[in-house]
>>> print(open('structure-v8.tsv').read())   # TSV, C-alpha atoms
chain	number	residue	atom	x	y	z
X	5	MET	CA	-12.77	22.07	-30.65
X	6	VAL	CA	-11.92	24.00	-27.49
X	7	LYS	CA	-13.93	27.18	-27.00
X	8	LEU	CA	-11.65	30.04	-25.94
X	9	ILE	CA	-13.22	32.68	-23.67
X	10	ARG	CA	-11.41	35.89	-22.75
X	11	SER	CA	-12.29	38.09	-19.80
X	12	THR	CA	-12.10	41.09	-22.13
X	13	ASP	CA	-14.85	39.74	-24.40
X	14	PRO	CA	-18.11	41.78	-24.28
X	15	GLY	CA	-20.17	38.70	-23.40
X	16	PHE	CA	-17.83	37.45	-20.69
X	17	PRO	CA	-19.88	38.66	-17.64
X	18	ALA	CA	-23.02	36.88	-18.89
X	19	PHE	CA	-21.03	33.74	-19.74
X	20	LEU	CA	-19.43	33.71	-16.28
X	21	ARG	CA	-22.84	34.04	-14.58
X	22	LYS	CA	-24.17	31.16	-16.67
X	23	ILE	CA	-21.40	28.69	-15.84
X	24	SER	CA	-21.14	29.71	-12.18
X	25	THR	CA	-24.83	29.06	-11.52
X	26	ARG	CA	-25.32	25.88	-13.54
X	27	GLY	CA	-26.45	23.04	-11.39
X	28	GLU	CA	-27.93	25.33	-8.74
X	29	ILE	CA	-31.45	25.07	-10.12
X	30	VAL	CA	-32.68	21.58	-10.94
X	31	PRO	CA	-36.03	21.42	-12.73
X	32	ALA	CA	-38.71	20.11	-10.39
X	33	GLU	CA	-39.64	17.22	-12.69
X	34	ILE	CA	-36.04	15.98	-12.76
X	35	GLU	CA	-35.70	16.18	-8.99
X	36	GLU	CA	-38.97	14.31	-8.53
X	37	THR	CA	-37.90	11.57	-10.96
X	38	VAL	CA	-34.60	11.14	-9.12
X	39	ARG	CA	-36.45	10.89	-5.82
X	40	GLN	CA	-38.68	8.17	-7.29
X	41	ILE	CA	-35.66	6.25	-8.60
X	42	ILE	CA	-33.85	6.41	-5.27
X	43	GLN	CA	-36.88	5.27	-3.30
X	44	ASP	CA	-37.67	2.51	-5.78
X	45	VAL	CA	-34.14	1.09	-5.70
X	46	ARG	CA	-34.10	1.37	-1.92
X	47	SER	CA	-37.37	-0.57	-1.72
X	48	ARG	CA	-37.10	-3.12	-4.55
X	49	GLY	CA	-33.36	-3.52	-4.99
X	50	ASP	CA	-32.20	-5.35	-8.12
X	51	ALA	CA	-35.68	-5.41	-9.67
X	52	ALA	CA	-35.91	-1.61	-9.62
X	53	LEU	CA	-32.32	-1.28	-10.79
X	54	ILE	CA	-33.06	-3.48	-13.80
X	55	ASP	CA	-36.34	-1.68	-14.62
X	56	TRP	CA	-34.80	1.81	-14.57
X	57	THR	CA	-31.79	0.63	-16.57
X	58	GLN	CA	-34.11	-0.75	-19.24
X	59	ARG	CA	-36.02	2.54	-19.31
X	60	TYR	CA	-33.01	4.80	-19.70
X	61	ASP	CA	-30.37	2.59	-21.35
X	62	SER	CA	-32.76	0.50	-23.47
X	63	ILE	CA	-31.30	-2.82	-22.34
X	64	ARG	CA	-32.84	-5.53	-20.21
X	65	ILE	CA	-30.26	-7.03	-17.88
X	66	LEU	CA	-30.76	-10.30	-16.07
X	67	PRO	CA	-29.83	-10.17	-12.37
X	68	GLU	CA	-26.97	-12.61	-12.91
X	69	LYS	CA	-25.60	-10.36	-15.68
X	70	LEU	CA	-25.48	-7.15	-13.65
X	71	GLU	CA	-21.84	-7.73	-12.77
X	72	ILE	CA	-19.24	-7.54	-15.52
X	73	GLN	CA	-17.20	-10.69	-15.12
X	74	ARG	CA	-13.43	-10.97	-15.49
X	75	GLU	CA	-13.69	-12.76	-18.85
X	76	GLU	CA	-15.74	-9.94	-20.35
X	77	ILE	CA	-13.38	-7.32	-18.95
X	78	THR	CA	-10.43	-9.09	-20.56
X	79	TYR	CA	-12.19	-9.51	-23.90
X	80	SER	CA	-13.46	-5.93	-24.01
X	81	ALA	CA	-10.01	-4.56	-23.18
X	82	SER	CA	-8.52	-6.58	-26.04
X	83	LEU	CA	-10.68	-4.61	-28.50
X	84	LEU	CA	-8.90	-1.35	-27.71
X	85	ALA	CA	-6.13	-0.19	-30.02
X	86	GLN	CA	-2.63	-0.99	-28.79
X	87	LYS	CA	-1.65	2.69	-28.71
X	88	ASP	CA	-4.62	3.51	-26.47
X	89	ARG	CA	-3.84	0.59	-24.18
X	90	GLU	CA	-0.30	1.89	-23.78
X	91	THR	CA	-1.58	5.39	-23.02
X	92	ILE	CA	-3.86	4.10	-20.27
X	93	ALA	CA	-1.07	1.97	-18.82
X	94	ASP	CA	1.23	4.99	-18.74
X	95	ALA	CA	-1.44	7.15	-17.11
X	96	ALA	CA	-2.04	4.49	-14.45
X	97	ALA	CA	1.67	4.32	-13.65
X	98	ARG	CA	1.95	8.10	-13.37
X	99	ILE	CA	-1.13	8.37	-11.13
X	100	ARG	CA	0.16	5.56	-8.91
X	101	ALA	CA	3.58	7.21	-8.61
X	102	TYR	CA	2.07	10.56	-7.66
X	103	HIS	CA	-0.45	9.34	-5.10
X	104	GLY	CA	2.11	7.01	-3.60
X	105	HIS	CA	3.63	10.10	-1.99
X	106	GLN	CA	0.31	11.00	-0.31
X	107	SER	CA	-0.18	7.93	1.85
X	108	LEU	CA	-0.65	8.66	5.56
X	109	ASP	CA	0.39	6.58	8.55
X	110	SER	CA	-0.89	6.44	12.10
X	111	PHE	CA	1.41	7.77	14.80
X	112	THR	CA	1.50	8.53	18.53
X	113	PHE	CA	3.99	10.32	20.76
X	114	LEU	CA	4.34	11.67	24.28
X	115	ASP	CA	4.68	15.42	24.63
X	116	GLU	CA	6.64	17.24	27.35
X	117	HIS	CA	3.69	16.81	29.75
X	118	SER	CA	3.49	13.03	29.17
X	119	ASN	CA	0.28	13.41	27.17
X	120	ARG	CA	-0.05	10.84	24.43
X	121	LEU	CA	-0.97	12.54	21.15
X	122	GLY	CA	-1.29	11.29	17.61
X	123	GLN	CA	-3.53	10.34	14.76
X	124	ILE	CA	-5.13	7.09	13.65
X	125	VAL	CA	-5.51	6.50	9.92
X	126	ARG	CA	-8.25	4.01	9.06
X	127	PRO	CA	-9.11	3.46	5.39
X	128	LEU	CA	-12.77	3.15	4.49
X	129	ALA	CA	-13.94	-0.43	4.20
X	130	ARG	CA	-15.77	-0.09	0.87
X	131	VAL	CA	-15.95	2.67	-1.74
X	132	GLY	CA	-18.13	3.00	-4.85
X	133	VAL	CA	-16.92	4.66	-8.05
X	134	TYR	CA	-19.28	5.96	-10.73
X	135	VAL	CA	-17.63	5.66	-14.15
X	136	PRO	CA	-19.56	7.45	-16.94
X	137	GLY	CA	-20.33	5.46	-20.04
X	138	GLY	CA	-23.42	7.02	-21.59
X	139	ARG	CA	-22.50	9.95	-23.81
X	140	ALA	CA	-18.80	9.17	-23.54
X	141	PRO	CA	-16.65	6.70	-21.58
X	142	TYR	CA	-14.16	8.10	-19.08
X	143	PRO	CA	-11.43	5.60	-18.20
X	144	SER	CA	-9.70	8.46	-16.38
X	145	THR	CA	-12.48	8.40	-13.78
X	146	LEU	CA	-11.61	4.82	-12.91
X	147	LEU	CA	-7.88	5.52	-12.85
X	148	MET	CA	-8.03	8.68	-10.76
X	149	ASN	CA	-10.47	7.30	-8.19
X	150	VAL	CA	-9.55	3.65	-7.79
X	151	ILE	CA	-5.76	3.96	-7.71
X	152	PRO	CA	-5.64	6.52	-4.84
X	153	ALA	CA	-8.24	4.49	-2.91
X	154	ARG	CA	-6.17	1.36	-3.32
X	155	ILE	CA	-3.03	3.17	-2.17
X	156	ALA	CA	-4.97	4.50	0.84
X	157	GLY	CA	-5.82	0.93	1.81
X	158	VAL	CA	-9.53	0.77	0.99
X	159	ARG	CA	-10.38	-2.91	1.27
X	160	ALA	CA	-13.15	-3.16	-1.37
X	161	ILE	CA	-13.70	-0.90	-4.38
X	162	ILE	CA	-16.91	-1.27	-6.39
X	163	ALA	CA	-17.48	0.46	-9.74
X	164	VAL	CA	-20.66	1.10	-11.72
X	165	HIS	CA	-20.45	1.72	-15.45
X	166	PRO	CA	-23.51	2.20	-17.71
X	167	THR	CA	-23.50	0.26	-20.98
X	168	PRO	CA	-26.35	1.67	-23.14
X	169	GLY	CA	-25.31	-0.46	-26.10
X	170	GLY	CA	-25.04	-3.56	-23.96
X	171	SER	CA	-21.24	-3.81	-24.02
X	172	PRO	CA	-18.80	-2.11	-21.65
X	173	SER	CA	-16.33	0.47	-22.92
X	174	PRO	CA	-13.03	-1.16	-24.00
X	175	ALA	CA	-11.17	1.88	-22.65
X	176	VAL	CA	-12.84	1.62	-19.25
X	177	MET	CA	-12.24	-2.12	-19.11
X	178	THR	CA	-8.57	-1.54	-19.97
X	179	ALA	CA	-8.39	0.93	-17.10
X	180	ALA	CA	-9.99	-1.67	-14.85
X	181	ASN	CA	-7.08	-3.99	-15.56
X	182	HIS	CA	-4.65	-1.35	-14.28
X	183	THR	CA	-6.46	-0.27	-11.12
X	184	GLY	CA	-7.24	-3.35	-9.07
X	185	VAL	CA	-10.95	-2.51	-8.87
X	186	ASP	CA	-12.73	-5.44	-7.21
X	187	ARG	CA	-16.10	-5.52	-8.96
X	188	ILE	CA	-17.81	-3.64	-11.83
X	189	PHE	CA	-21.54	-3.48	-12.54
X	190	ARG	CA	-23.13	-2.52	-15.86
X	191	VAL	CA	-25.53	0.13	-14.54
X	192	GLY	CA	-25.53	3.90	-14.37
X	193	GLY	CA	-27.70	6.91	-13.63
X	194	ALA	CA	-29.39	7.74	-10.35
X	195	GLN	CA	-30.36	4.08	-10.00
X	196	ALA	CA	-26.69	3.03	-9.82
X	197	VAL	CA	-25.87	5.70	-7.24
X	198	ALA	CA	-28.88	4.60	-5.17
X	199	ALA	CA	-27.74	0.98	-5.39
X	200	LEU	CA	-24.32	1.93	-4.05
X	201	ALA	CA	-25.85	4.06	-1.31
X	202	PHE	CA	-28.35	1.52	-0.01
X	203	GLY	CA	-27.19	-1.78	-1.43
X	204	THR	CA	-29.22	-4.34	-3.38
X	205	GLU	CA	-29.25	-8.12	-3.55
X	206	THR	CA	-26.32	-7.93	-5.97
X	207	ILE	CA	-24.56	-4.60	-5.43
X	208	PRO	CA	-23.10	-4.11	-1.94
X	209	LYS	CA	-23.67	-0.94	0.04
X	210	VAL	CA	-20.59	1.30	0.17
X	211	ASP	CA	-19.26	3.82	2.69
X	212	LYS	CA	-18.52	6.54	0.16
X	213	ILE	CA	-19.40	7.25	-3.49
X	214	VAL	CA	-17.01	9.10	-5.80
X	215	GLY	CA	-16.73	9.63	-9.53
>>> encode(input="structure-v8.tsv", output="structure tokens")
Amino acid sequence: MVKLIRSTDPGFPAFLRKISTRGEIVPAEIEETVRQIIQDVRSRGDAALIDWTQRYDSIRILPEKLEIQREEITYSASLLAQKDRETIADAAARIRAYHGHQSLDSFTFLDEHSNRLGQIVRPLARVGVYVPGGRAPYPSTLLMNVIPARIAGVRAIIAVHPTPGGSPSPAVMTAANHTGVDRIFRVGGAQAVAALAFGTETIPKVDKIVG
């Protein structure tokens, strides 16, 4: 159910203050925990990633199972209802059509003073995408981040997707089939972001993290 808020409501000023300041104050204990996770993953790599995933997602992942393989992606996607698969396919096509108009090209020219001017467009080499999967899966995150990156010419796109129940989201895996994402790992939380930022034995370091 969508909650409708009107600016004329008596409680609107207090509501506006609440939503405009959320996220500004992070409890000290949460910030300290995140710092510990980041440092641990930076120091111990896959071992820390696996330990923190077990703590927060209640699953123990073997290092060789961190990456979601193509066979599992295909199987998981097949579990999604046909109508939902069609919806995701349509969304992917619409996103690709829109962002196709945004691609930039390098150019140079000589002005009236014989100065060479222009711009050089260089896509990032590797981008990481965080795709939620804890409280709810968001295939839209994969679609709206991977497709534009692919159009822009990013050479390698890595996704992380938490799987608290042990299995990836069929909707997210269906989206993966429509985006051209290169690799997907079954981890989430601060530990997954740290892995993308610093790299581990299994997850490569990326140039930018979105999601």
>>> residues_near_point(input="structure-v8.tsv", point="(-21.1, 2.5, -13.1)", cutoff="7 Å", atoms="all atoms listed in the file", output="VMD selection string")
chain X and resid 133 to 136 163 to 166 189 to 192 196
>>> atom_distance(input="structure-v8.tsv", atom1="CA of Ser173 (chain X)", atom2="CA of Ile99 (chain X)")
20.8 Å
>>> atom_distance(input="structure-v8.tsv", atom1="CA of Val197 (chain X)", atom2="CA of Asn181 (chain X)")
22.7 Å
>>> residues_around(input="structure-v8.tsv", residues="Arg154 (chain X)", least_positions_apart="5", cutoff="9 Å", atoms="all atoms listed in the file", output="MDAnalysis selection string")
chainID X and resid 149 159:161 183:185
>>> atom_distance(input="structure-v8.tsv", atom1="CA of Lys87 (chain X)", atom2="CA of Thr145 (chain X)")
19.3 Å
>>> residues_near_point(input="structure-v8.tsv", point="(-24.9, -1.2, -24.2)", cutoff="9 Å", atoms="all atoms listed in the file", output="VMD selection string")
chain X and resid 61 to 63 138 166 to 173 190
>>> closest_residue(input="structure-v8.tsv", among="X:Arg126, X:Ala194, X:Asp88, X:Leu66", to="Thr37 (chain X)", atoms="all atoms listed in the file")
X:Ala194
>>> closest_residue(input="structure-v8.tsv", among="X:Lys22, X:Lys212, X:Arg10, X:His105", to="Pro152 (chain X)", atoms="all atoms listed in the file")
X:His105
>>> residues_around(input="structure-v8.tsv", residues="Val176 (chain X)", least_positions_apart="5", cutoff="10 Å", atoms="only C-alpha atoms", output="VMD selection string")
chain X and resid 77 80 to 81 84 92 135 to 137 141 to 147 165 181
